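coords-v3.csv follows (CSV, C-alpha atoms):
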```
chain,number,residue,atom,x,y,z
A,21,MET,CA,0.0,0.0,0.0
A,22,GLU,CA,1.3,3.4,-0.9
A,23,GLU,CA,1.6,6.3,1.4
A,24,GLY,CA,-0.8,8.4,-0.6
A,25,SER,CA,-3.7,6.0,-0.6
A,26,LEU,CA,-3.9,6.1,3.1
A,27,VAL,CA,-5.3,9.6,2.9
A,28,GLN,CA,-8.6,8.2,1.6
A,29,TYR,CA,-9.2,6.4,4.9
A,30,ALA,CA,-8.9,9.7,6.8
A,31,PRO,CA,-12.7,10.1,7.2
A,32,ILE,CA,-13.0,6.6,8.7
A,33,ALA,CA,-10.1,7.3,11.1
A,34,LEU,CA,-11.8,10.6,12.0
A,35,MET,CA,-15.1,8.7,12.7
A,36,PHE,CA,-13.3,6.2,15.0
A,37,LEU,CA,-11.6,9.1,16.8
A,38,VAL,CA,-14.9,11.0,17.3
A,39,ALA,CA,-16.7,7.8,18.5
A,40,ALA,CA,-13.9,7.0,21.0
A,41,GLY,CA,-13.6,10.7,22.0
A,42,PHE,CA,-17.3,11.1,22.6
A,43,VAL,CA,-17.3,8.1,25.1
A,44,GLY,CA,-14.2,9.4,26.8
A,45,VAL,CA,-15.3,13.0,27.1
A,46,THR,CA,-18.8,12.2,28.3
A,47,MET,CA,-17.5,9.8,30.9
A,48,LEU,CA,-14.9,12.3,32.1
A,49,ALA,CA,-17.4,15.2,32.1
A,50,THR,CA,-20.0,13.4,34.1
A,51,HIS,CA,-17.4,12.6,36.7
A,52,LEU,CA,-16.1,16.2,36.9
A,53,LEU,CA,-19.3,18.1,36.5
A,54,GLY,CA,-21.9,16.0,38.4
A,55,PRO,CA,-22.3,16.6,42.1
A,56,LYS,CA,-21.3,13.7,44.4
A,57,ARG,CA,-23.6,13.0,47.4
A,58,LYS,CA,-23.0,9.5,48.5
A,59,THR,CA,-25.2,8.1,51.1
A,60,ASN,CA,-25.8,4.4,52.0
A,61,VAL,CA,-29.3,4.5,50.6
A,62,LYS,CA,-28.2,6.0,47.3
A,63,LEU,CA,-25.5,3.5,46.7
A,64,GLU,CA,-27.8,0.6,47.1
A,65,SER,CA,-28.5,-1.2,43.8
A,66,PHE,CA,-31.8,0.1,42.3
A,67,GLU,CA,-34.1,-2.8,41.7
A,68,CYS,CA,-37.6,-1.3,41.8
A,69,GLY,CA,-38.0,-1.8,45.5
A,70,ILE,CA,-37.1,-5.4,45.5
A,71,GLU,CA,-33.7,-6.4,47.0
A,72,ALA,CA,-31.4,-7.9,44.4
A,73,LYS,CA,-30.6,-11.6,44.9
A,74,GLY,CA,-28.5,-14.0,42.8
A,75,ASN,CA,-26.6,-12.7,39.9
A,76,ALA,CA,-27.3,-12.0,36.2
A,77,ARG,CA,-25.8,-15.2,34.9
A,78,ILE,CA,-28.8,-17.4,34.6
A,79,PRO,CA,-29.4,-19.7,31.6
A,80,PHE,CA,-32.0,-18.1,29.4
A,81,ASN,CA,-34.3,-19.2,26.6
A,82,ILE,CA,-32.7,-20.6,23.5
A,83,LYS,CA,-35.2,-18.7,21.3
A,84,TYR,CA,-33.0,-15.6,21.6
A,85,PHE,CA,-30.1,-17.6,20.2
A,86,LEU,CA,-32.3,-19.0,17.4
A,87,VAL,CA,-33.2,-15.5,16.3
A,88,ALA,CA,-29.6,-14.3,16.5
A,89,ILE,CA,-28.2,-17.2,14.4
A,90,LEU,CA,-31.0,-16.7,11.8
A,91,PHE,CA,-30.0,-13.0,11.7
A,92,VAL,CA,-26.4,-13.9,11.0
A,93,LEU,CA,-27.4,-16.2,8.1
A,94,PHE,CA,-29.4,-13.4,6.4
A,95,ASP,CA,-26.7,-10.9,7.2
A,96,ILE,CA,-24.3,-13.0,5.2
A,97,GLU,CA,-26.8,-13.1,2.4
A,98,VAL,CA,-26.9,-9.4,2.2
A,99,ILE,CA,-23.1,-9.1,2.3
A,100,PHE,CA,-23.1,-11.1,-1.0
A,101,MET,CA,-25.4,-8.5,-2.5
A,102,TYR,CA,-22.8,-5.6,-2.2
A,103,PRO,CA,-20.4,-6.9,-4.9
A,104,TRP,CA,-23.4,-7.8,-7.1
A,105,ALA,CA,-25.0,-4.4,-6.7
A,106,VAL,CA,-21.8,-2.5,-7.6
A,107,ASN,CA,-21.4,-4.6,-10.8
A,108,PHE,CA,-25.1,-4.7,-11.6
A,109,LYS,CA,-24.9,-3.0,-15.0
A,110,GLU,CA,-21.8,-5.0,-16.2
A,111,LEU,CA,-23.2,-8.3,-15.2
A,112,GLY,CA,-26.5,-7.7,-17.0
A,113,THR,CA,-29.3,-10.3,-17.2
A,114,GLU,CA,-26.9,-13.2,-16.5
A,115,GLY,CA,-25.9,-11.7,-13.2
A,116,PHE,CA,-29.5,-11.0,-12.3
A,117,VAL,CA,-30.4,-14.7,-12.9
A,118,GLU,CA,-27.5,-15.8,-10.9
A,119,MET,CA,-28.6,-13.7,-8.0
A,120,LEU,CA,-32.2,-14.9,-8.4
A,121,LEU,CA,-31.0,-18.5,-8.0
A,122,PHE,CA,-29.0,-17.5,-4.9
A,123,ILE,CA,-32.0,-15.7,-3.4
A,124,ALA,CA,-34.4,-18.5,-4.3
A,125,ALA,CA,-32.4,-21.0,-2.2
A,126,LEU,CA,-32.5,-18.7,0.8
A,127,LEU,CA,-36.1,-18.0,0.2
A,128,ILE,CA,-36.8,-21.7,0.6
A,129,GLY,CA,-35.1,-21.5,3.9
A,130,PHE,CA,-37.1,-18.5,4.9
A,131,PHE,CA,-40.4,-20.2,4.1
A,132,TYR,CA,-39.2,-23.2,6.0
A,133,ILE,CA,-38.5,-21.1,9.0
A,134,ARG,CA,-41.9,-19.4,8.8
A,135,LYS,CA,-43.6,-22.8,8.3
A,136,LYS,CA,-41.8,-24.2,11.4
A,137,GLY,CA,-42.8,-21.2,13.4
A,138,ALA,CA,-39.2,-20.5,14.5
A,139,LEU,CA,-39.8,-16.8,14.7
A,140,THR,CA,-43.1,-17.0,16.6
A,141,TRP,CA,-42.7,-16.3,20.2
A,142,GLU,CA,-45.1,-18.6,22.1
A,143,ASP,CA,-44.2,-20.1,25.4
B,28,MET,CA,3.8,5.7,8.4
B,29,ILE,CA,2.5,2.4,7.0
B,30,THR,CA,5.1,0.5,9.0
B,31,ASN,CA,4.2,2.3,12.2
B,32,LEU,CA,0.5,1.7,11.6
B,33,PHE,CA,1.2,-2.0,11.0
B,34,TYR,CA,3.2,-2.3,14.3
B,35,PHE,CA,0.4,-0.4,16.1
B,36,LEU,CA,-2.3,-2.7,14.8
B,37,SER,CA,-0.3,-5.8,15.5
B,38,PHE,CA,0.4,-4.6,19.0
B,39,VAL,CA,-3.3,-4.0,19.6
B,40,ALA,CA,-4.3,-7.3,18.1
B,41,VAL,CA,-1.8,-9.4,20.1
B,42,LEU,CA,-2.4,-7.5,23.4
B,43,SER,CA,-6.2,-7.9,23.2
B,44,ALA,CA,-5.9,-11.5,22.1
B,45,LEU,CA,-3.8,-12.2,25.2
B,46,MET,CA,-6.4,-10.4,27.3
B,47,VAL,CA,-9.1,-12.7,25.8
B,48,VAL,CA,-7.2,-15.6,27.2
B,49,PHE,CA,-6.3,-14.0,30.6
B,50,SER,CA,-9.4,-12.2,31.6
B,51,ARG,CA,-11.4,-14.2,34.2
B,52,ASN,CA,-14.8,-13.0,33.1
B,53,PRO,CA,-15.9,-14.6,29.8
B,54,VAL,CA,-17.9,-11.5,28.9
B,55,TYR,CA,-14.8,-9.4,29.1
B,56,SER,CA,-13.1,-12.0,26.8
B,57,VAL,CA,-15.7,-11.4,24.2
B,58,LEU,CA,-15.3,-7.7,24.4
B,59,TYR,CA,-11.5,-8.0,24.0
B,60,LEU,CA,-12.1,-10.3,21.0
B,61,ILE,CA,-14.1,-7.5,19.3
B,62,ILE,CA,-11.0,-5.3,19.7
B,63,THR,CA,-8.9,-8.0,18.2
B,64,PHE,CA,-11.3,-8.3,15.2
B,65,PHE,CA,-11.1,-4.5,14.6
B,66,ALA,CA,-7.3,-4.6,14.6
B,67,ILE,CA,-7.3,-7.5,12.1
B,68,ALA,CA,-9.8,-5.5,9.9
B,69,GLY,CA,-7.2,-2.7,10.0
B,70,HIS,CA,-4.6,-5.2,8.7
B,71,TYR,CA,-6.9,-6.1,5.9
B,72,VAL,CA,-7.2,-2.4,4.9
B,73,LEU,CA,-3.4,-2.2,4.9
B,74,MET,CA,-3.3,-5.2,2.6
B,75,GLN,CA,-5.7,-3.5,0.1
B,76,ALA,CA,-8.6,-5.8,0.9
B,77,GLU,CA,-11.2,-3.2,1.8
B,78,PHE,CA,-14.3,-5.4,1.2
B,79,LEU,CA,-12.8,-8.1,3.4
B,80,ALA,CA,-12.2,-5.5,6.1
B,81,VAL,CA,-15.8,-4.3,6.0
B,82,VAL,CA,-17.2,-7.8,6.0
B,83,HIS,CA,-15.0,-8.7,8.8
B,84,VAL,CA,-16.3,-5.9,10.9
B,85,ILE,CA,-20.0,-6.4,10.0
B,86,VAL,CA,-20.1,-10.2,10.3
B,87,TYR,CA,-17.5,-11.0,12.9
B,88,ALA,CA,-17.3,-8.0,15.1
B,89,GLY,CA,-21.1,-7.4,14.7
B,90,ALA,CA,-23.0,-10.6,14.4
B,91,ILE,CA,-20.8,-13.5,15.4
B,92,MET,CA,-19.8,-11.8,18.7
B,93,VAL,CA,-23.4,-11.4,19.6
B,94,LEU,CA,-23.7,-15.2,19.1
B,95,PHE,CA,-20.7,-15.7,21.3
B,96,LEU,CA,-22.3,-13.6,24.0
B,97,TYR,CA,-25.5,-15.6,23.8
B,98,VAL,CA,-23.5,-18.8,24.0
B,99,ILE,CA,-21.8,-17.6,27.2
B,100,MET,CA,-25.1,-16.6,28.7
B,101,LEU,CA,-26.6,-20.0,27.7
B,102,LEU,CA,-23.8,-21.8,29.5
B,103,ASN,CA,-24.6,-20.6,33.0
B,104,LEU,CA,-21.0,-19.7,33.9
B,105,ASN,CA,-21.4,-19.0,37.6
B,106,ARG,CA,-18.3,-18.9,39.7
B,107,GLU,CA,-19.5,-21.6,42.0
B,108,SER,CA,-20.6,-24.0,39.3
B,109,GLU,CA,-17.4,-23.6,37.3
B,110,PRO,CA,-15.6,-27.0,37.4
B,111,HIS,CA,-12.2,-27.0,39.0
B,112,LYS,CA,-9.6,-28.1,36.5
B,113,SER,CA,-7.2,-30.7,37.8
B,114,ASN,CA,-3.4,-30.2,37.5
B,115,ILE,CA,-3.0,-33.1,35.0
B,116,LEU,CA,-5.6,-31.5,32.8
B,117,LYS,CA,-3.7,-28.2,32.8
B,118,PHE,CA,-0.5,-30.0,32.1
B,119,ALA,CA,-2.1,-31.8,29.1
B,120,ALA,CA,-3.5,-28.6,27.8
B,121,ALA,CA,-0.1,-26.9,28.0
B,122,ILE,CA,1.5,-29.7,26.1
B,123,CYS,CA,-1.2,-29.7,23.4
B,124,SER,CA,-1.0,-26.0,22.8
B,125,GLY,CA,2.8,-26.1,22.9
B,126,LEU,CA,2.7,-28.8,20.1
B,127,LEU,CA,0.3,-26.7,18.1
B,128,LEU,CA,2.7,-23.7,18.4
B,129,VAL,CA,5.6,-25.9,17.2
B,130,VAL,CA,3.6,-27.1,14.2
B,131,LEU,CA,2.5,-23.5,13.3
B,132,VAL,CA,5.9,-22.0,13.6
B,133,GLY,CA,7.5,-24.9,11.7
B,134,SER,CA,5.1,-24.7,8.8
B,135,LEU,CA,5.3,-20.9,8.5
B,136,ARG,CA,9.1,-21.1,8.6
B,137,GLY,CA,9.1,-23.4,5.6
B,138,THR,CA,7.2,-21.0,3.4
B,139,GLU,CA,8.9,-18.4,1.3
B,140,LEU,CA,7.7,-14.9,0.7
B,141,LEU,CA,5.7,-14.6,-2.5
B,142,LYS,CA,7.8,-12.9,-5.1
B,143,HIS,CA,6.4,-9.8,-6.6
B,144,SER,CA,6.5,-11.3,-10.1
B,145,GLU,CA,4.7,-14.5,-8.9
B,146,ALA,CA,2.0,-12.6,-7.2
B,147,GLY,CA,1.1,-10.9,-10.5
B,148,GLU,CA,0.1,-7.4,-11.0
B,149,VAL,CA,-1.2,-6.0,-7.7
B,150,SER,CA,-3.2,-2.9,-8.2
B,151,SER,CA,-4.5,-0.7,-5.5
B,152,THR,CA,-8.1,-1.5,-6.4
B,153,MET,CA,-7.7,-5.3,-6.5
B,154,GLY,CA,-9.4,-5.9,-3.1
B,155,GLY,CA,-12.2,-3.4,-3.8
B,156,VAL,CA,-15.8,-4.3,-4.1
B,157,LYS,CA,-16.0,-3.8,-7.8
B,158,ASN,CA,-13.2,-6.2,-8.8
B,159,LEU,CA,-14.2,-8.7,-6.2
B,160,GLY,CA,-17.8,-8.7,-7.5
B,161,LYS,CA,-16.5,-9.2,-11.1
B,162,VAL,CA,-14.4,-12.2,-10.1
B,163,LEU,CA,-17.1,-13.7,-7.9
B,164,PHE,CA,-19.9,-13.6,-10.5
B,165,THR,CA,-17.8,-14.9,-13.4
B,166,ASP,CA,-14.9,-17.2,-12.3
B,167,PHE,CA,-16.3,-18.2,-8.9
B,168,LEU,CA,-19.9,-18.4,-9.7
B,169,PHE,CA,-20.4,-22.1,-8.7
B,170,PRO,CA,-18.9,-21.6,-5.2
B,171,PHE,CA,-21.1,-18.6,-4.8
B,172,GLU,CA,-24.3,-20.6,-5.6
B,173,ILE,CA,-23.1,-23.4,-3.4
B,174,ALA,CA,-22.8,-20.9,-0.6
B,175,SER,CA,-26.6,-20.4,-0.8
B,176,VAL,CA,-27.1,-24.1,-0.3
B,177,LEU,CA,-24.7,-23.9,2.7
B,178,LEU,CA,-26.7,-21.1,4.2
B,179,LEU,CA,-29.9,-23.1,3.6
B,180,ALA,CA,-28.5,-26.1,5.3
B,181,ALA,CA,-27.5,-24.0,8.3
B,182,MET,CA,-31.0,-22.5,8.5
B,183,VAL,CA,-32.6,-26.0,8.5
B,184,GLY,CA,-30.1,-27.3,11.0
B,185,VAL,CA,-30.6,-24.5,13.5
B,186,VAL,CA,-34.3,-24.8,13.3
B,187,MET,CA,-34.1,-28.6,13.8
B,188,LEU,CA,-31.8,-28.3,16.8
B,189,ALA,CA,-33.2,-25.3,18.6
B,190,LYS,CA,-36.9,-25.4,17.9
B,191,ALA,CA,-38.7,-27.7,20.2
B,192,GLU,CA,-41.5,-29.7,18.6
B,193,LYS,CA,-44.9,-28.8,19.9
B,194,LYS,CA,-45.7,-32.5,20.6
B,195,THR,CA,-43.1,-32.6,23.3
B,196,ASN,CA,-44.7,-29.7,25.2
B,197,LEU,CA,-48.1,-31.4,25.4
```

Structure encoded using structure tokens:
Amino acid sequence: MEEGSLVQYAPIALMFLVAAGFVGVTMLATHLLGPKRKTNVKLESFECGIEAKGNARIPFNIKYFLVAILFVLFDIEVIFMYPWAVNFKELGTEGFVEMLLFIAALLIGFFYIRKKGALTWED
Amino acid sequence: MITNLFYFLSFVAVLSALMVVFSRNPVYSVLYLIITFFAIAGHYVLMQAEFLAVVHVIVYAGAIMVLFLYVIMLLNLNRESEPHKSNILKFAAAICSGLLLVVLVGSLRGTELLKHSEAGEVSSTMGGVKNLGKVLFTDFLFPFEIASVLLLAAMVGVVMLAKAEKKTNL
């Protein structure tokens, strides 16, 4: 990679800097600007009037995982569309048919998921 | 400038990868792994593979790490319920990973750097989305269509494994 081509990534670097800087500045500012009045009652964990017991690490429903993994699969499908969309004109009808075949296979999966009711939330 | 950036990214990647291993809390490990992925995406950018870098951030740092978090939460990793590893198990693990290190170093030492003439013409836009799309939809069309079958198989598999049949509930 040449030195000059690095300049085109300057906006991305700037975005990362702003994102990290925003987090840092807001955390520092709330520490410095906010008043500190610590009493025993205020430092108690706030749990809507009920005292907290146990910890947050409890096994939870596998449905969340099911939704997440289906999201990842369709996410990958969309990723394949980027290089296709950029070359849409050059690839022409042939490319369109190729993409249709790709989508068709995934659409079968989508209908399978709907048919099985994997995304319905019944308990 | 490029060399310094390479060293910085490598430093961040190696340091956060070590923190993945050494942090006691598995959720912190996942967060350090996200930093590692971002550093590796930076390496892809340095190697002209912009599309790969973006995909790496979207799929790995975004989606796969959410799955990792879910898996950690599904596993019920309480400090009390964590099984105590015996010394002989630790010893075996150290030997196994040491052997893996020897194999990796040995195989990488045997390789030679690709000569510039062998690598062919490397242009600055080779890893871009446009070139990648052209190659993907002409030369590598069959693997691309097979990928859809792979995704379909994954969908069917996850529904089969994770979705309880209604009959068992009754």

Near chain A, which residues of chain B fall within 8 Å when you count all atoms listed in the file, and what do they look like as a PDB file with C-alpha atoms, in the frame of the given file?
```pdb
ATOM      1  CA  MET B  28       3.800   5.700   8.400  1.00  0.00           C
ATOM      2  CA  ILE B  29       2.500   2.400   7.000  1.00  0.00           C
ATOM      3  CA  LEU B  73      -3.400  -2.200   4.900  1.00  0.00           C
ATOM      4  CA  MET B  74      -3.300  -5.200   2.600  1.00  0.00           C
ATOM      5  CA  GLN B  75      -5.700  -3.500   0.100  1.00  0.00           C
ATOM      6  CA  VAL B  82     -17.200  -7.800   6.000  1.00  0.00           C
ATOM      7  CA  VAL B  86     -20.100 -10.200  10.300  1.00  0.00           C
ATOM      8  CA  ALA B  90     -23.000 -10.600  14.400  1.00  0.00           C
ATOM      9  CA  ILE B  91     -20.800 -13.500  15.400  1.00  0.00           C
ATOM     10  CA  VAL B  93     -23.400 -11.400  19.600  1.00  0.00           C
ATOM     11  CA  LEU B  94     -23.700 -15.200  19.100  1.00  0.00           C
ATOM     12  CA  TYR B  97     -25.500 -15.600  23.800  1.00  0.00           C
ATOM     13  CA  VAL B  98     -23.500 -18.800  24.000  1.00  0.00           C
ATOM     14  CA  MET B 100     -25.100 -16.600  28.700  1.00  0.00           C
ATOM     15  CA  LEU B 101     -26.600 -20.000  27.700  1.00  0.00           C
ATOM     16  CA  LEU B 102     -23.800 -21.800  29.500  1.00  0.00           C
ATOM     17  CA  ASN B 103     -24.600 -20.600  33.000  1.00  0.00           C
ATOM     18  CA  LEU B 104     -21.000 -19.700  33.900  1.00  0.00           C
ATOM     19  CA  ASN B 105     -21.400 -19.000  37.600  1.00  0.00           C
ATOM     20  CA  SER B 151      -4.500  -0.700  -5.500  1.00  0.00           C
ATOM     21  CA  VAL B 156     -15.800  -4.300  -4.100  1.00  0.00           C
ATOM     22  CA  LYS B 157     -16.000  -3.800  -7.800  1.00  0.00           C
ATOM     23  CA  LEU B 159     -14.200  -8.700  -6.200  1.00  0.00           C
ATOM     24  CA  GLY B 160     -17.800  -8.700  -7.500  1.00  0.00           C
ATOM     25  CA  LYS B 161     -16.500  -9.200 -11.100  1.00  0.00           C
ATOM     26  CA  PHE B 164     -19.900 -13.600 -10.500  1.00  0.00           C
ATOM     27  CA  PHE B 171     -21.100 -18.600  -4.800  1.00  0.00           C
ATOM     28  CA  GLU B 172     -24.300 -20.600  -5.600  1.00  0.00           C
ATOM     29  CA  SER B 175     -26.600 -20.400  -0.800  1.00  0.00           C
ATOM     30  CA  VAL B 176     -27.100 -24.100  -0.300  1.00  0.00           C
ATOM     31  CA  LEU B 178     -26.700 -21.100   4.200  1.00  0.00           C
ATOM     32  CA  LEU B 179     -29.900 -23.100   3.600  1.00  0.00           C
ATOM     33  CA  ALA B 181     -27.500 -24.000   8.300  1.00  0.00           C
ATOM     34  CA  MET B 182     -31.000 -22.500   8.500  1.00  0.00           C
ATOM     35  CA  VAL B 183     -32.600 -26.000   8.500  1.00  0.00           C
ATOM     36  CA  VAL B 185     -30.600 -24.500  13.500  1.00  0.00           C
ATOM     37  CA  VAL B 186     -34.300 -24.800  13.300  1.00  0.00           C
ATOM     38  CA  ALA B 189     -33.200 -25.300  18.600  1.00  0.00           C
ATOM     39  CA  LYS B 190     -36.900 -25.400  17.900  1.00  0.00           C
TER      40      LYS B 190
END
```

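For stretch 53-68 of chain B, the list of residues within 6 Å, based on all atoms listed in the file and with local chain neighbours fewer than 3 positions off taken out, reads Leu36, Ala40, Ser43, Val47, Tyr71, Ala80 and Ala88 of chain B.
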
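One distance worth recording is that between atom CA of A:Val43 and atom CA of B:Val48, which is 25.8 Å.
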
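What separates atom CA of B:Thr138 from atom CA of B:Ala76 is a distance of 22.1 Å.
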
Point-to-point distance in Å for atom CA of A:Gly112 and atom CA of B:Leu177: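 Separating atom CA of B:Leu177 from atom CA of A:Gly112 is a distance of 25.6 Å.
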
I need stretch 98-129 of chain A written out with N, CA and C atoms, as a PDB file, in the first residue's frame; please produce it.
```pdb
ATOM      1  N   VAL A  98     -26.965 -10.750   2.682  1.00  0.00           N
ATOM      2  CA  VAL A  98     -26.939  -9.352   2.249  1.00  0.00           C
ATOM      3  C   VAL A  98     -25.519  -8.934   1.876  1.00  0.00           C
ATOM      4  N   ILE A  99     -24.522  -9.470   2.612  1.00  0.00           N
ATOM      5  CA  ILE A  99     -23.126  -9.144   2.298  1.00  0.00           C
ATOM      6  C   ILE A  99     -22.797  -9.531   0.858  1.00  0.00           C
ATOM      7  N   PHE A 100     -23.341 -10.686   0.402  1.00  0.00           N
ATOM      8  CA  PHE A 100     -23.084 -11.121  -0.972  1.00  0.00           C
ATOM      9  C   PHE A 100     -23.695 -10.165  -1.985  1.00  0.00           C
ATOM     10  N   MET A 101     -24.691  -9.397  -1.574  1.00  0.00           N
ATOM     11  CA  MET A 101     -25.350  -8.499  -2.523  1.00  0.00           C
ATOM     12  C   MET A 101     -24.523  -7.257  -2.833  1.00  0.00           C
ATOM     13  N   TYR A 102     -23.625  -6.869  -1.922  1.00  0.00           N
ATOM     14  CA  TYR A 102     -22.843  -5.647  -2.179  1.00  0.00           C
ATOM     15  C   TYR A 102     -22.018  -5.747  -3.455  1.00  0.00           C
ATOM     16  N   PRO A 103     -21.170  -6.784  -3.614  1.00  0.00           N
ATOM     17  CA  PRO A 103     -20.387  -6.851  -4.856  1.00  0.00           C
ATOM     18  C   PRO A 103     -21.253  -7.033  -6.090  1.00  0.00           C
ATOM     19  N   TRP A 104     -22.443  -7.617  -5.923  1.00  0.00           N
ATOM     20  CA  TRP A 104     -23.351  -7.777  -7.054  1.00  0.00           C
ATOM     21  C   TRP A 104     -23.946  -6.422  -7.450  1.00  0.00           C
ATOM     22  N   ALA A 105     -24.361  -5.650  -6.448  1.00  0.00           N
ATOM     23  CA  ALA A 105     -25.003  -4.370  -6.733  1.00  0.00           C
ATOM     24  C   ALA A 105     -24.037  -3.392  -7.388  1.00  0.00           C
ATOM     25  N   VAL A 106     -22.760  -3.440  -6.972  1.00  0.00           N
ATOM     26  CA  VAL A 106     -21.777  -2.518  -7.560  1.00  0.00           C
ATOM     27  C   VAL A 106     -21.566  -2.838  -9.029  1.00  0.00           C
ATOM     28  N   ASN A 107     -21.615  -4.139  -9.391  1.00  0.00           N
ATOM     29  CA  ASN A 107     -21.385  -4.560 -10.768  1.00  0.00           C
ATOM     30  C   ASN A 107     -22.678  -4.853 -11.511  1.00  0.00           C
ATOM     31  N   PHE A 108     -23.790  -4.301 -11.061  1.00  0.00           N
ATOM     32  CA  PHE A 108     -25.092  -4.684 -11.594  1.00  0.00           C
ATOM     33  C   PHE A 108     -25.190  -4.497 -13.108  1.00  0.00           C
ATOM     34  N   LYS A 109     -24.751  -3.332 -13.609  1.00  0.00           N
ATOM     35  CA  LYS A 109     -24.870  -3.025 -15.042  1.00  0.00           C
ATOM     36  C   LYS A 109     -23.990  -3.932 -15.875  1.00  0.00           C
ATOM     37  N   GLU A 110     -22.736  -4.163 -15.415  1.00  0.00           N
ATOM     38  CA  GLU A 110     -21.795  -4.967 -16.201  1.00  0.00           C
ATOM     39  C   GLU A 110     -22.242  -6.423 -16.283  1.00  0.00           C
ATOM     40  N   LEU A 111     -22.812  -6.932 -15.205  1.00  0.00           N
ATOM     41  CA  LEU A 111     -23.183  -8.345 -15.188  1.00  0.00           C
ATOM     42  C   LEU A 111     -24.438  -8.611 -16.005  1.00  0.00           C
ATOM     43  N   GLY A 112     -25.302  -7.624 -16.120  1.00  0.00           N
ATOM     44  CA  GLY A 112     -26.466  -7.731 -16.997  1.00  0.00           C
ATOM     45  C   GLY A 112     -27.469  -8.778 -16.545  1.00  0.00           C
ATOM     46  N   THR A 113     -28.191  -9.329 -17.540  1.00  0.00           N
ATOM     47  CA  THR A 113     -29.257 -10.289 -17.227  1.00  0.00           C
ATOM     48  C   THR A 113     -28.707 -11.541 -16.570  1.00  0.00           C
ATOM     49  N   GLU A 114     -27.523 -11.963 -17.048  1.00  0.00           N
ATOM     50  CA  GLU A 114     -26.916 -13.191 -16.520  1.00  0.00           C
ATOM     51  C   GLU A 114     -26.689 -13.072 -15.010  1.00  0.00           C
ATOM     52  N   GLY A 115     -26.116 -11.954 -14.626  1.00  0.00           N
ATOM     53  CA  GLY A 115     -25.867 -11.726 -13.202  1.00  0.00           C
ATOM     54  C   GLY A 115     -27.155 -11.678 -12.409  1.00  0.00           C
ATOM     55  N   PHE A 116     -28.201 -11.116 -13.033  1.00  0.00           N
ATOM     56  CA  PHE A 116     -29.489 -11.016 -12.349  1.00  0.00           C
ATOM     57  C   PHE A 116     -30.056 -12.403 -12.072  1.00  0.00           C
ATOM     58  N   VAL A 117     -29.940 -13.288 -13.094  1.00  0.00           N
ATOM     59  CA  VAL A 117     -30.450 -14.660 -12.930  1.00  0.00           C
ATOM     60  C   VAL A 117     -29.641 -15.394 -11.869  1.00  0.00           C
ATOM     61  N   GLU A 118     -28.317 -15.182 -11.886  1.00  0.00           N
ATOM     62  CA  GLU A 118     -27.462 -15.824 -10.882  1.00  0.00           C
ATOM     63  C   GLU A 118     -27.904 -15.432  -9.479  1.00  0.00           C
ATOM     64  N   MET A 119     -28.194 -14.129  -9.322  1.00  0.00           N
ATOM     65  CA  MET A 119     -28.597 -13.652  -7.996  1.00  0.00           C
ATOM     66  C   MET A 119     -29.967 -14.205  -7.625  1.00  0.00           C
ATOM     67  N   LEU A 120     -30.852 -14.320  -8.635  1.00  0.00           N
ATOM     68  CA  LEU A 120     -32.185 -14.873  -8.369  1.00  0.00           C
ATOM     69  C   LEU A 120     -32.081 -16.298  -7.841  1.00  0.00           C
ATOM     70  N   LEU A 121     -31.174 -17.093  -8.442  1.00  0.00           N
ATOM     71  CA  LEU A 121     -30.980 -18.468  -7.976  1.00  0.00           C
ATOM     72  C   LEU A 121     -30.525 -18.478  -6.527  1.00  0.00           C
ATOM     73  N   PHE A 122     -29.584 -17.567  -6.233  1.00  0.00           N
ATOM     74  CA  PHE A 122     -29.045 -17.465  -4.870  1.00  0.00           C
ATOM     75  C   PHE A 122     -30.148 -17.122  -3.879  1.00  0.00           C
ATOM     76  N   ILE A 123     -30.959 -16.120  -4.258  1.00  0.00           N
ATOM     77  CA  ILE A 123     -32.028 -15.673  -3.356  1.00  0.00           C
ATOM     78  C   ILE A 123     -33.073 -16.773  -3.209  1.00  0.00           C
ATOM     79  N   ALA A 124     -33.325 -17.497  -4.318  1.00  0.00           N
ATOM     80  CA  ALA A 124     -34.366 -18.526  -4.285  1.00  0.00           C
ATOM     81  C   ALA A 124     -34.044 -19.577  -3.245  1.00  0.00           C
ATOM     82  N   ALA A 125     -32.776 -20.007  -3.208  1.00  0.00           N
ATOM     83  CA  ALA A 125     -32.386 -21.030  -2.232  1.00  0.00           C
ATOM     84  C   ALA A 125     -32.614 -20.524  -0.815  1.00  0.00           C
ATOM     85  N   LEU A 126     -32.292 -19.234  -0.587  1.00  0.00           N
ATOM     86  CA  LEU A 126     -32.464 -18.693   0.759  1.00  0.00           C
ATOM     87  C   LEU A 126     -33.937 -18.469   1.080  1.00  0.00           C
ATOM     88  N   LEU A 127     -34.718 -18.179   0.019  1.00  0.00           N
ATOM     89  CA  LEU A 127     -36.144 -17.967   0.233  1.00  0.00           C
ATOM     90  C   LEU A 127     -36.818 -19.265   0.665  1.00  0.00           C
ATOM     91  N   ILE A 128     -36.325 -20.385   0.109  1.00  0.00           N
ATOM     92  CA  ILE A 128     -36.833 -21.691   0.554  1.00  0.00           C
ATOM     93  C   ILE A 128     -36.604 -21.829   2.055  1.00  0.00           C
ATOM     94  N   GLY A 129     -35.392 -21.458   2.477  1.00  0.00           N
ATOM     95  CA  GLY A 129     -35.075 -21.513   3.900  1.00  0.00           C
ATOM     96  C   GLY A 129     -35.966 -20.608   4.715  1.00  0.00           C
TER      97      GLY A 129
END
```
